[in-house]
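Below: protein21.cif (mmCIF, C-alpha atoms and all ligand atoms)
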data_target
#
loop_
_atom_site.label_atom_id
_atom_site.label_comp_id
_atom_site.auth_asym_id
_atom_site.auth_seq_id
_atom_site.Cartn_x
_atom_site.Cartn_y
_atom_site.Cartn_z
CA MET A 1 17.09 -41.88 11.36
CA ASP A 2 18.48 -45.39 11.08
CA HIS A 3 18.57 -45.15 7.33
CA LEU A 4 21.15 -42.35 7.45
CA THR A 5 24.84 -43.07 7.13
CA ALA A 6 27.82 -40.74 7.19
CA GLY A 7 27.87 -41.06 3.40
CA THR A 8 24.23 -40.03 2.84
CA VAL A 9 24.55 -37.15 5.34
CA GLU A 10 27.66 -35.87 3.58
CA GLU A 11 25.91 -36.16 0.26
CA ALA A 12 22.91 -34.21 1.58
CA VAL A 13 25.12 -31.52 3.12
CA ALA A 14 27.01 -31.14 -0.16
CA ALA A 15 23.72 -30.82 -2.08
CA LEU A 16 22.38 -28.21 0.38
CA ALA A 17 25.67 -26.27 0.23
CA GLU A 18 25.61 -26.41 -3.55
CA ALA A 19 22.04 -25.04 -3.55
CA GLY A 20 23.04 -22.23 -1.18
CA ALA A 21 20.83 -23.44 1.68
CA LEU A 22 23.90 -24.18 3.82
CA VAL A 23 26.89 -21.88 4.00
CA ARG A 24 30.33 -23.18 4.97
CA GLU A 25 31.90 -21.48 8.00
CA ASP A 26 34.83 -19.09 7.47
CA THR A 27 33.97 -18.37 3.87
CA PRO A 28 33.22 -14.95 2.32
CA ARG A 29 29.55 -15.95 2.05
CA ALA A 30 29.41 -16.80 5.75
CA ALA A 31 31.03 -13.44 6.56
CA ARG A 32 28.43 -11.67 4.40
CA ASP A 33 25.61 -13.52 6.17
CA GLU A 34 26.97 -12.39 9.53
CA GLU A 35 27.24 -8.81 8.28
CA ILE A 36 23.64 -8.91 7.05
CA GLU A 37 22.51 -10.19 10.45
CA ARG A 38 24.43 -7.40 12.17
CA ARG A 39 23.34 -4.56 9.89
CA TRP A 40 19.70 -5.62 9.42
CA GLY A 41 19.36 -6.26 13.16
CA ALA A 42 15.82 -7.00 14.28
CA TRP A 43 14.59 -6.90 10.64
CA ALA A 44 16.48 -10.12 9.90
CA PRO A 45 15.78 -12.71 8.78
CA GLU A 46 12.26 -11.88 7.54
CA ALA A 47 12.77 -8.53 5.82
CA ALA A 48 16.28 -9.40 4.69
CA PHE A 49 14.98 -12.58 3.10
CA LEU A 50 12.29 -10.72 1.14
CA HIS A 51 14.86 -8.18 0.03
CA TYR A 52 17.68 -10.50 -1.01
CA ALA A 53 15.50 -13.30 -2.32
CA SER A 54 13.99 -10.84 -4.79
CA GLN A 55 17.26 -9.05 -5.61
CA ASP A 56 19.16 -9.17 -8.90
CA ILE A 57 16.38 -11.18 -10.49
CA TYR A 58 14.82 -8.68 -12.74
CA ASP A 59 14.06 -10.89 -15.62
CA ASP A 60 10.97 -9.70 -17.34
CA SER A 61 9.74 -13.21 -17.78
CA ASP A 62 6.16 -13.05 -18.66
CA ALA A 63 3.78 -15.42 -16.87
CA GLU A 64 2.03 -15.73 -20.20
CA THR A 65 5.04 -17.56 -21.66
CA ASP A 66 5.07 -20.10 -18.83
CA PRO A 67 3.60 -23.22 -20.50
CA ASP A 68 2.39 -24.55 -17.14
CA ALA A 69 0.43 -21.41 -16.40
CA SER A 70 -2.44 -22.31 -18.69
CA VAL A 71 -2.55 -25.80 -17.16
CA ARG A 72 -2.77 -24.22 -13.73
CA GLY A 73 -5.49 -21.92 -15.00
CA GLU A 74 -3.44 -18.75 -14.36
CA ALA A 75 -3.14 -17.60 -17.94
CA LEU A 76 -6.62 -16.11 -17.92
CA GLU A 77 -6.46 -12.36 -17.72
CA PRO A 78 -8.04 -11.42 -14.36
CA VAL A 79 -10.90 -8.95 -14.28
CA LEU A 80 -9.85 -5.35 -14.80
CA PHE A 81 -12.15 -3.99 -12.10
CA THR A 82 -13.00 -5.67 -8.83
CA GLU A 83 -16.75 -5.72 -8.39
CA TYR A 84 -19.23 -6.94 -5.80
CA PRO A 85 -22.30 -7.35 -8.03
CA HIS A 86 -24.64 -8.39 -5.21
CA ALA A 87 -23.69 -5.62 -2.81
CA ALA A 88 -25.98 -2.69 -2.11
CA ARG A 89 -24.41 0.34 -3.73
CA VAL A 90 -24.32 4.11 -3.61
CA LEU A 91 -23.71 5.89 -6.90
CA LEU A 92 -21.33 8.74 -6.16
CA PRO A 93 -21.88 12.24 -7.53
CA ARG A 94 -19.72 13.15 -10.52
CA ALA A 95 -17.64 16.31 -10.33
CA GLY A 96 -19.10 17.81 -13.51
CA GLY A 97 -16.10 20.06 -14.08
CA ARG A 98 -16.17 21.71 -10.64
CA PRO A 99 -12.85 23.52 -10.18
CA GLU A 100 -12.09 21.73 -6.91
CA LEU A 101 -8.62 20.71 -7.90
CA ASP A 102 -7.46 24.13 -9.02
CA THR A 103 -5.50 24.86 -5.84
CA PRO A 104 -2.03 26.07 -6.94
CA TYR A 105 0.47 23.22 -7.09
CA GLY A 106 3.07 24.97 -4.92
CA HIS A 107 0.45 25.50 -2.22
CA VAL A 108 -0.61 21.85 -2.32
CA LEU A 109 2.95 20.57 -2.22
CA TYR A 110 4.10 22.67 0.71
CA GLU A 111 0.82 22.63 2.65
CA ARG A 112 0.64 18.85 2.60
CA ARG A 113 1.31 17.55 6.09
CA THR A 114 0.42 14.38 7.91
CA HIS A 115 -2.58 15.21 10.13
CA ARG A 116 -3.43 13.47 13.35
CA ASP A 117 -6.11 15.80 14.66
CA PHE A 118 -9.47 16.29 12.97
CA THR A 119 -12.66 18.26 13.66
CA ASP A 120 -16.08 16.62 13.93
CA GLU A 121 -17.24 18.31 10.72
CA PRO A 122 -18.33 15.62 8.26
CA VAL A 123 -16.62 15.43 4.88
CA SER A 124 -19.16 15.96 2.10
CA VAL A 125 -19.87 13.03 -0.17
CA GLU A 126 -19.02 15.29 -3.13
CA THR A 127 -15.51 15.91 -1.79
CA LEU A 128 -15.02 12.22 -1.06
CA ALA A 129 -16.26 11.33 -4.55
CA THR A 130 -13.80 13.76 -6.16
CA LEU A 131 -10.95 12.37 -4.08
CA LEU A 132 -11.75 8.74 -4.92
CA ALA A 133 -12.23 9.37 -8.63
CA THR A 134 -9.07 11.46 -8.85
CA CYS A 135 -6.84 8.96 -7.05
CA PHE A 136 -8.33 5.59 -7.90
CA GLY A 137 -10.62 5.99 -10.88
CA PRO A 138 -9.61 5.29 -14.48
CA VAL A 139 -8.14 8.16 -16.50
CA ASP A 140 -7.99 6.34 -19.83
CA PHE A 141 -7.75 2.88 -21.33
CA ILE A 142 -4.82 1.44 -23.27
CA ASP A 143 -4.23 -1.70 -25.30
CA SER A 144 -1.52 -3.83 -23.66
CA GLY A 145 -1.29 -6.06 -26.73
CA ARG A 146 -3.30 -8.80 -25.12
CA SER A 147 -6.08 -6.89 -23.37
CA ALA A 148 -7.27 -3.45 -22.37
CA LEU A 149 -5.74 -1.87 -19.28
CA TYR A 150 -6.49 1.40 -17.60
CA ARG A 151 -4.31 4.16 -16.23
CA ARG A 152 -4.74 6.31 -13.15
CA THR A 153 -3.33 9.67 -12.11
CA SER A 154 -0.45 7.77 -10.43
CA PRO A 155 2.11 5.66 -12.27
CA GLN A 156 1.57 1.95 -11.56
CA GLY A 157 4.05 -0.78 -12.58
CA GLY A 158 2.87 -2.42 -15.80
CA ALA A 159 -0.41 -0.47 -15.53
CA ARG A 160 -1.76 -3.64 -13.89
CA GLN A 161 -3.82 -1.65 -11.32
CA GLU A 162 -3.64 -4.48 -8.83
CA LEU A 163 -4.45 -2.13 -5.97
CA ASP A 164 -8.11 -1.78 -5.09
CA ALA A 165 -9.44 0.91 -2.75
CA TYR A 166 -11.64 -0.08 0.19
CA LEU A 167 -13.28 2.58 2.28
CA GLY A 168 -14.03 2.72 5.99
CA VAL A 169 -16.65 5.46 6.43
CA LEU A 170 -16.81 7.19 9.81
CA ASN A 171 -18.05 10.73 9.21
CA VAL A 172 -19.14 11.45 5.63
CA SER A 173 -22.40 13.31 4.99
CA GLY A 174 -25.03 11.09 3.43
CA LEU A 175 -23.10 7.83 3.91
CA ALA A 176 -23.77 5.31 6.67
CA ALA A 177 -20.75 4.26 8.70
CA GLY A 178 -19.36 0.98 7.44
CA TRP A 179 -17.01 -0.69 4.99
CA TYR A 180 -17.30 -0.20 1.24
CA HIS A 181 -15.41 -1.05 -1.92
CA TYR A 182 -14.80 1.81 -4.34
CA ASN A 183 -15.92 0.59 -7.76
CA GLY A 184 -13.91 2.89 -10.00
CA LEU A 185 -15.65 1.82 -13.18
CA GLN A 186 -19.12 2.67 -11.87
CA HIS A 187 -17.88 5.43 -9.55
CA SER A 188 -19.92 3.77 -6.84
CA LEU A 189 -19.45 2.46 -3.33
CA GLU A 190 -20.36 -1.16 -2.71
CA LEU A 191 -21.42 -1.89 0.85
CA LEU A 192 -19.46 -4.78 2.37
CA ALA A 193 -20.21 -4.45 6.08
CA GLU A 194 -22.35 -2.08 8.13
CA GLY A 195 -21.00 -0.09 11.04
CA LEU A 196 -17.60 1.34 11.97
CA THR A 197 -16.74 3.10 15.20
CA ARG A 198 -13.88 5.46 15.98
CA GLU A 199 -12.58 2.93 18.50
CA GLU A 200 -12.51 0.15 15.93
CA ALA A 201 -10.77 2.33 13.33
CA GLY A 202 -8.11 3.36 15.86
CA ALA A 203 -7.63 -0.24 16.98
CA LEU A 204 -7.31 -1.47 13.38
CA CYS A 205 -4.56 1.12 12.86
CA ALA A 206 -2.52 -0.62 15.56
CA GLY A 207 -3.99 1.51 18.36
CA GLN A 208 -3.43 4.93 16.74
CA GLU A 209 -6.61 6.52 18.04
CA TRP A 210 -6.32 9.61 15.82
CA ALA A 211 -7.05 7.40 12.80
CA GLY A 212 -10.50 6.93 14.35
CA GLU A 213 -11.01 10.71 14.40
CA ALA A 214 -10.61 10.95 10.62
CA ALA A 215 -13.75 11.09 8.48
CA PHE A 216 -12.80 7.98 6.53
CA LEU A 217 -10.06 5.41 5.97
CA VAL A 218 -8.93 4.06 2.61
CA VAL A 219 -7.39 0.58 2.60
CA LEU A 220 -5.26 -0.19 -0.45
CA ALA A 221 -5.42 -3.93 -1.04
CA ALA A 222 -3.42 -5.83 -3.65
CA ARG A 223 -5.28 -8.25 -5.86
CA LEU A 224 -2.18 -10.28 -6.53
CA GLU A 225 -3.20 -12.21 -9.62
CA ARG A 226 -3.62 -8.98 -11.57
CA MET A 227 0.14 -8.54 -11.21
CA SER A 228 1.35 -12.15 -11.02
CA CYS A 229 -0.48 -13.27 -14.17
CA LYS A 230 1.76 -10.89 -16.07
CA TYR A 231 5.03 -10.95 -14.12
CA ALA A 232 6.37 -14.34 -13.06
CA THR A 233 9.16 -12.77 -10.99
CA PRO A 234 8.65 -12.41 -7.21
CA ARG A 235 10.28 -9.00 -7.55
CA ALA A 236 6.94 -7.78 -8.85
CA TYR A 237 5.70 -7.91 -5.23
CA ARG A 238 8.12 -5.09 -4.47
CA VAL A 239 6.61 -3.14 -7.34
CA SER A 240 3.18 -3.49 -5.71
CA LEU A 241 4.57 -1.89 -2.54
CA LEU A 242 6.01 0.95 -4.61
CA ASN A 243 2.68 1.32 -6.40
CA ALA A 244 0.93 1.69 -3.04
CA GLY A 245 3.33 4.52 -2.18
CA HIS A 246 2.51 6.34 -5.40
CA LEU A 247 -1.22 6.10 -4.75
CA GLY A 248 -0.64 7.25 -1.18
CA GLN A 249 1.19 10.37 -2.35
CA THR A 250 -1.47 11.25 -4.89
CA PHE A 251 -4.07 10.73 -2.15
CA ALA A 252 -2.21 13.04 0.24
CA LEU A 253 -1.79 15.79 -2.37
CA THR A 254 -5.36 15.53 -3.64
CA ALA A 255 -6.79 15.57 -0.11
CA THR A 256 -4.72 18.70 0.59
CA ALA A 257 -5.97 20.37 -2.60
CA LEU A 258 -9.54 19.62 -1.47
CA GLY A 259 -8.93 21.25 1.92
CA LEU A 260 -8.69 17.96 3.83
CA GLY A 261 -5.94 16.74 6.11
CA PRO A 262 -4.43 13.41 5.02
CA PHE A 263 -2.90 10.68 7.18
CA GLN A 264 -1.23 7.41 6.14
CA THR A 265 0.09 4.45 8.02
CA GLY A 266 1.90 1.19 7.47
CA ALA A 267 0.96 0.12 11.01
CA PHE A 268 -2.32 -1.76 10.93
CA CYS A 269 -3.75 -5.09 12.03
CA ASP A 270 -3.73 -6.97 8.74
CA THR A 271 -5.98 -9.92 9.60
CA PRO A 272 -8.98 -8.11 11.16
CA LEU A 273 -8.67 -5.30 8.61
CA ALA A 274 -8.80 -7.81 5.76
CA GLU A 275 -11.84 -9.42 7.38
CA ARG A 276 -13.69 -6.11 7.64
CA CYS A 277 -12.98 -5.37 3.97
CA ALA A 278 -14.18 -8.86 2.95
CA LEU A 279 -10.67 -9.71 1.71
CA ASP A 280 -9.39 -13.28 1.92
CA ASN A 281 -5.90 -11.99 2.88
CA ILE A 282 -4.49 -14.53 0.41
CA GLY A 283 -5.12 -13.33 -3.13
CA GLN A 284 -6.37 -9.97 -1.88
CA THR A 285 -4.33 -8.47 0.90
CA PRO A 286 -4.12 -5.01 2.51
CA LEU A 287 -0.86 -3.10 1.93
CA TYR A 288 -1.42 0.49 3.03
CA VAL A 289 -3.96 2.49 5.04
CA LEU A 290 -4.76 6.11 4.21
CA ALA A 291 -7.18 8.44 5.98
CA ALA A 292 -8.43 12.01 5.83
CA GLY A 293 -10.74 14.45 7.54
CA HIS A 294 -11.15 18.16 8.18
CA PRO A 295 -7.96 19.15 9.96
CA ARG A 296 -8.22 20.94 13.30
CA PRO A 297 -6.78 24.45 12.73
CA HIS A 298 -5.07 24.40 16.11
CA PRO A 299 -4.22 20.74 16.66
CA ARG A 300 -4.56 19.45 20.21
CA ARG A 301 -1.67 17.11 19.56
CA ALA A 302 1.22 19.52 19.22
CA ALA A 303 3.03 19.44 15.89
CA PRO A 304 6.73 18.68 16.29
CA PRO A 305 8.58 21.90 17.23
CA ARG A 306 11.12 23.49 14.91
CA ALA A 307 14.63 22.10 15.35
CA THR A 308 16.70 24.47 17.48
CA VAL A 309 20.48 24.89 17.68
CA ALA A 310 20.32 22.55 20.71
CA ALA A 311 18.62 19.84 18.60
CA PHE A 312 21.24 20.19 15.86
CA ALA A 313 23.99 20.06 18.50
CA SER A 314 22.88 16.52 19.40
CA THR A 315 22.55 15.45 15.75
CA ARG A 316 25.20 13.72 13.67
CA ILE A 317 24.55 15.75 10.54
CA GLY A 318 27.35 14.37 8.40
CA PRO A 319 30.88 13.08 8.58
CA GLY A 320 33.26 15.60 10.11
CA PRO A 321 36.33 16.83 8.20
CA GLY A 322 38.84 14.11 7.47
CA THR A 323 36.55 11.21 8.40
CA ALA A 324 35.34 8.59 6.01
CA GLY A 325 31.77 7.32 5.64
C1 LIG B 401 4.63 4.83 4.59
C2 LIG B 401 4.33 5.76 5.72
C3 LIG B 401 3.92 5.25 6.93
C4 LIG B 401 3.61 6.10 8.00
N1 LIG B 401 3.15 5.56 9.15
C5 LIG B 401 2.78 6.39 10.15
C6 LIG B 401 2.21 5.86 11.34
O1 LIG B 401 2.03 4.66 11.50
N2 LIG B 401 1.83 6.73 12.30
C7 LIG B 401 2.00 8.07 12.19
O2 LIG B 401 1.64 8.80 13.11
N3 LIG B 401 2.53 8.60 11.07
C8 LIG B 401 2.92 7.80 10.06
N4 LIG B 401 3.44 8.33 8.91
C9 LIG B 401 3.60 9.79 8.80
C10 LIG B 401 5.05 10.21 9.03
O3 LIG B 401 5.35 10.17 10.39
C11 LIG B 401 5.20 11.63 8.47
O4 LIG B 401 5.06 11.56 7.06
C12 LIG B 401 6.53 12.26 8.83
O5 LIG B 401 6.59 12.51 10.23
C13 LIG B 401 6.79 13.54 8.08
O6 LIG B 401 5.75 14.48 8.29
P1 LIG B 401 4.90 15.06 7.09
O7 LIG B 401 4.13 13.93 6.46
O8 LIG B 401 3.98 16.07 7.71
O9 LIG B 401 5.85 15.65 6.10
C14 LIG B 401 3.75 7.50 7.84
C15 LIG B 401 4.19 8.02 6.62
C16 LIG B 401 4.45 7.17 5.57
C17 LIG B 401 4.89 7.75 4.24
#

Translate the structure described by the file into structure tokens.
Amino acid sequence: MDHLTAGTVEEAVAALAEAGALVREDTPRAARDEEIERRWGAWAPEAAFLHYASQDIYDDSDAETDPDASVRGEALEPVLFTEYPHAARVLLPRAGGRPELDTPYGHVLYERRTHRDFTDEPVSVETLATLLATCFGPVDFIDSGRSALYRRTSPQGGARQELDAYLGVLNVSGLAAGWYHYNGLQHSLELLAEGLTREEAGALCAGQEWAGEAAFLVVLAARLERMSCKYATPRAYRVSLLNAGHLGQTFALTATALGLGPFQTGAFCDTPLAERCALDNIGQTPLYVLAAGHPRPHPRRAAPPRATVAAFASTRIGPGPGTAG
């Protein structure tokens, strides 16, 4: 450090403060930082950084207009559908107008629950096929002005469809246990890896063994370049998380309409899960895990009991009269 002098250090500190990387003590910004640390608690700094670093920056700058993008080779429109052309594949049955989704909407909405207890009855490949096509298959194709895009039954930011569905099969009639990619264009399953046990599925869902009792898992994985080639702003990452939630809800409602019990989790072991789905966990990374199976009519794991007066008595329901906040 011999080359440093008080002058160069002061200059560096001033530059870092100017750039916002250093915050001067006893300033409003320092007070705000402390408040963030206090209120975000154990989530800080990681989650707070993601949140604030992508806040207030909604410019809709288009990666296409970035002159360096073509130099970096990013301007190419990525493929619309992920495909594993060399994988062995199973062509899924097409619904052919079967009225499987005609369950009344009110029933579906209010019957949907998160299930953690499943029977050993296999899910039929027809039911699985309907669920996958309904949630993840294309509904129609639109012209974005620079290429064709497709739409699904769920809204997806920019209709980029960056989320691909990978399938862990445990107990589906006619399908060998293993890991597959759902090819929505072909309506086929592409085999990525053979074999999947209940123990492995539970372990991959961060030790939640009931996930291993489901008939299958669906891993939603973001293919980032499908989003980033269009949106240069890091805020678009947040949109991918929101997109995953939309697909998850459609999955839960559709599974319910088909008589299945859905489950979803944000708790999973990202690295081994990515490996099993043949994802590099760089440009293709898992965001959300869904599952379903035939629900046990009388679950062995008791559903949470109804809240009683005693439960409400120990609940802060809202601010009392005359209090603020
Ligand atoms: C994003 C998300 C993540 C969840 N993660 C888990 C989980 O890891 N384990 C679990 O048992 N339930 C999980 N759940 C289910 C919730 O606990 C459940 O939705 C909540 O208790 C309300 O019950 P309901 O879904 O039956 O309305 C998750 C739900 C969502 C939406």

Review point. If you count all atoms listed in the file, which residues fall within 12 Å of region 33-39 of chain A, apart from same-chain ones fewer than 6 positions away, as a list in words?
Key: Gly20, Ala21, Leu22, Val23, Arg24, Glu25, Asp26, Thr27, Pro45, Glu46, Ala47, Ala48, Phe49, His51 and Tyr52 of chain A

Exercise for review: Considering only C-alpha atoms, state which residue in the set A:Glu10, A:Glu275, A:Asp102, A:Glu199 is at the smallest distance from Tyr166 (chain A).
Suggested key: A:Glu275

Kindly provide the residues of chain A that approach ligand LIG 401 (chain B) to within 12 Å, each paired with its closest atom pair and their distance in Å to one decimal, based on all atoms listed in the file, listed by chain and increasing number, as a Markdown table.
| residue | atom | partner | partner_atom | distance |
| --- | --- | --- | --- | --- |
| A:Leu109 | CA | B:LIG401 | O9 | 10.1 |
| A:Tyr110 | CA | B:LIG401 | O9 | 9.0 |
| A:Glu111 | CA | B:LIG401 | O8 | 8.9 |
| A:Arg112 | CA | B:LIG401 | O8 | 6.7 |
| A:Arg113 | CA | B:LIG401 | O8 | 3.5 |
| A:Thr114 | CA | B:LIG401 | O8 | 3.9 |
| A:His115 | CA | B:LIG401 | O8 | 7.0 |
| A:Arg116 | CA | B:LIG401 | O2 | 6.9 |
| A:Asp117 | CA | B:LIG401 | O2 | 10.6 |
| A:Gly202 | CA | B:LIG401 | N2 | 11.1 |
| A:Leu204 | CA | B:LIG401 | O1 | 11.3 |
| A:Cys205 | CA | B:LIG401 | O1 | 7.6 |
| A:Ala206 | CA | B:LIG401 | O1 | 8.1 |
| A:Gly207 | CA | B:LIG401 | O1 | 9.7 |
| A:Gln208 | CA | B:LIG401 | N2 | 7.1 |
| A:Glu209 | CA | B:LIG401 | O2 | 9.9 |
| A:Trp210 | CA | B:LIG401 | O2 | 8.4 |
| A:Ala211 | CA | B:LIG401 | O2 | 8.8 |
| A:Leu241 | CA | B:LIG401 | C1 | 9.8 |
| A:Leu242 | CA | B:LIG401 | C1 | 10.1 |
| A:Asn243 | CA | B:LIG401 | C1 | 11.7 |
| A:Ala244 | CA | B:LIG401 | C1 | 9.0 |
| A:Gly245 | CA | B:LIG401 | C1 | 6.9 |
| A:His246 | CA | B:LIG401 | C17 | 10.0 |
| A:Leu247 | CA | B:LIG401 | C17 | 11.0 |
| A:Gly248 | CA | B:LIG401 | C17 | 7.8 |
| A:Gln249 | CA | B:LIG401 | C17 | 8.0 |
| A:Thr250 | CA | B:LIG401 | C17 | 11.7 |
| A:Phe251 | CA | B:LIG401 | C17 | 11.4 |
| A:Ala252 | CA | B:LIG401 | O7 | 8.9 |
| A:Leu253 | CA | B:LIG401 | O7 | 10.8 |
| A:Thr256 | CA | B:LIG401 | O8 | 11.5 |
| A:Gly261 | CA | B:LIG401 | O8 | 10.1 |
| A:Pro262 | CA | B:LIG401 | O7 | 8.7 |
| A:Phe263 | CA | B:LIG401 | C9 | 6.8 |
| A:Gln264 | CA | B:LIG401 | C14 | 5.3 |
| A:Thr265 | CA | B:LIG401 | N1 | 3.4 |
| A:Gly266 | CA | B:LIG401 | C3 | 4.6 |
| A:Ala267 | CA | B:LIG401 | O1 | 4.7 |
| A:Phe268 | CA | B:LIG401 | O1 | 7.8 |
| A:Cys269 | CA | B:LIG401 | O1 | 11.3 |
| A:Leu287 | CA | B:LIG401 | C1 | 10.0 |
| A:Tyr288 | CA | B:LIG401 | C1 | 7.6 |
| A:Val289 | CA | B:LIG401 | C3 | 8.6 |
| A:Leu290 | CA | B:LIG401 | C3 | 9.1 |
| A:Ala291 | CA | B:LIG401 | C8 | 10.9 |
| A:Arg301 | CA | B:LIG401 | O2 | 11.0 |
| A:Ala303 | CA | B:LIG401 | O8 | 8.9 |
| A:Pro304 | CA | B:LIG401 | O5 | 8.6 |
| A:Pro305 | CA | B:LIG401 | O5 | 11.9 |

I need the chosen residues saved as a short mmCIF file (atom, residue, chain, number, x, y, z; two decimals), in the frame of the given file, with C-alpha atoms.
data_model
loop_
_atom_site.label_atom_id
_atom_site.label_comp_id
_atom_site.auth_asym_id
_atom_site.auth_seq_id
_atom_site.Cartn_x
_atom_site.Cartn_y
_atom_site.Cartn_z
CA LEU A 109 2.95 20.57 -2.22
CA TYR A 110 4.10 22.67 0.71
CA GLU A 111 0.82 22.63 2.65
CA ARG A 112 0.64 18.85 2.60
CA ARG A 113 1.31 17.55 6.09
CA THR A 114 0.42 14.38 7.91
CA HIS A 115 -2.58 15.21 10.13
CA ARG A 116 -3.43 13.47 13.35
CA ASP A 117 -6.11 15.80 14.66
CA GLY A 202 -8.11 3.36 15.86
CA LEU A 204 -7.31 -1.47 13.38
CA CYS A 205 -4.56 1.12 12.86
CA ALA A 206 -2.52 -0.62 15.56
CA GLY A 207 -3.99 1.51 18.36
CA GLN A 208 -3.43 4.93 16.74
CA GLU A 209 -6.61 6.52 18.04
CA TRP A 210 -6.32 9.61 15.82
CA ALA A 211 -7.05 7.40 12.80
CA LEU A 241 4.57 -1.89 -2.54
CA LEU A 242 6.01 0.95 -4.61
CA ASN A 243 2.68 1.32 -6.40
CA ALA A 244 0.93 1.69 -3.04
CA GLY A 245 3.33 4.52 -2.18
CA HIS A 246 2.51 6.34 -5.40
CA LEU A 247 -1.22 6.10 -4.75
CA GLY A 248 -0.64 7.25 -1.18
CA GLN A 249 1.19 10.37 -2.35
CA THR A 250 -1.47 11.25 -4.89
CA PHE A 251 -4.07 10.73 -2.15
CA ALA A 252 -2.21 13.04 0.24
CA LEU A 253 -1.79 15.79 -2.37
CA THR A 256 -4.72 18.70 0.59
CA GLY A 261 -5.94 16.74 6.11
CA PRO A 262 -4.43 13.41 5.02
CA PHE A 263 -2.90 10.68 7.18
CA GLN A 264 -1.23 7.41 6.14
CA THR A 265 0.09 4.45 8.02
CA GLY A 266 1.90 1.19 7.47
CA ALA A 267 0.96 0.12 11.01
CA PHE A 268 -2.32 -1.76 10.93
CA CYS A 269 -3.75 -5.09 12.03
CA LEU A 287 -0.86 -3.10 1.93
CA TYR A 288 -1.42 0.49 3.03
CA VAL A 289 -3.96 2.49 5.04
CA LEU A 290 -4.76 6.11 4.21
CA ALA A 291 -7.18 8.44 5.98
CA ARG A 301 -1.67 17.11 19.56
CA ALA A 303 3.03 19.44 15.89
CA PRO A 304 6.73 18.68 16.29
CA PRO A 305 8.58 21.90 17.23
#

Review point. CA of Trp179 (chain A) to CA of Leu128 (chain A): how many Å, to one decimal?
Key: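 According to the coordinates, CA of Trp179 (chain A) and CA of Leu128 (chain A) are separated by 14.4 Å.
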
Check your understanding: Skipping near chain neighbours, those fewer than 2 positions away, what residues fall within 12 Å of Pro85 (chain A) using all atoms listed in the file, listed as a ChimeraX atom specification?
Key -> /A:81-83,87-89,181,183,186,188-192

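If you look at CA of Ala133 (chain A) and CA of Gly184 (chain A), they are 6.8 Å away from each other.
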
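Atom to atom, CA of Gly168 (chain A) and CA of Cys229 (chain A) stand 29.1 Å apart.
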
Exercise for review: Kindly provide, as a list in words, the polymer residues lying within 10 Å of (-7.9, 13.1, -11.3), counting all atoms listed in the file and using the coordinates exactly as they appear in the file.
Suggested key: Leu101, Thr130, Leu131, Leu132, Ala133, Thr134, Cys135, Phe136, Gly137, Pro138, Val139, Arg152, Thr153, Ser154, Thr250 and Thr254 of chain A

Answer as a PDB file with C-alpha atoms, keeping the file's coordinate frame, residues within 7 Å of (-7.5, -2.0, -3.4) using all atoms listed in the file:
ATOM      1  CA  LEU A 163      -4.450  -2.130  -5.970  1.00  0.00           C
ATOM      2  CA  ASP A 164      -8.110  -1.780  -5.090  1.00  0.00           C
ATOM      3  CA  ALA A 165      -9.440   0.910  -2.750  1.00  0.00           C
ATOM      4  CA  TYR A 166     -11.640  -0.080   0.190  1.00  0.00           C
ATOM      5  CA  VAL A 219      -7.390   0.580   2.600  1.00  0.00           C
ATOM      6  CA  LEU A 220      -5.260  -0.190  -0.450  1.00  0.00           C
ATOM      7  CA  ALA A 221      -5.420  -3.930  -1.040  1.00  0.00           C
ATOM      8  CA  ALA A 222      -3.420  -5.830  -3.650  1.00  0.00           C
TER       9      ALA A 222
END

For Ser124 (chain A), find every residue with an atom within 9 Å (counting only C-alpha atoms), except residues of its own chain fewer than 6 positions away, and show them as a PDB file with C-alpha atoms, keeping the file's coordinate frame.
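This went into around.pdb:
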ATOM      1  CA  ASN A 171     -18.050  10.730   9.210  1.00  0.00           C
ATOM      2  CA  VAL A 172     -19.140  11.450   5.630  1.00  0.00           C
ATOM      3  CA  SER A 173     -22.400  13.310   4.990  1.00  0.00           C
ATOM      4  CA  GLY A 174     -25.030  11.090   3.430  1.00  0.00           C
TER       5      GLY A 174
END
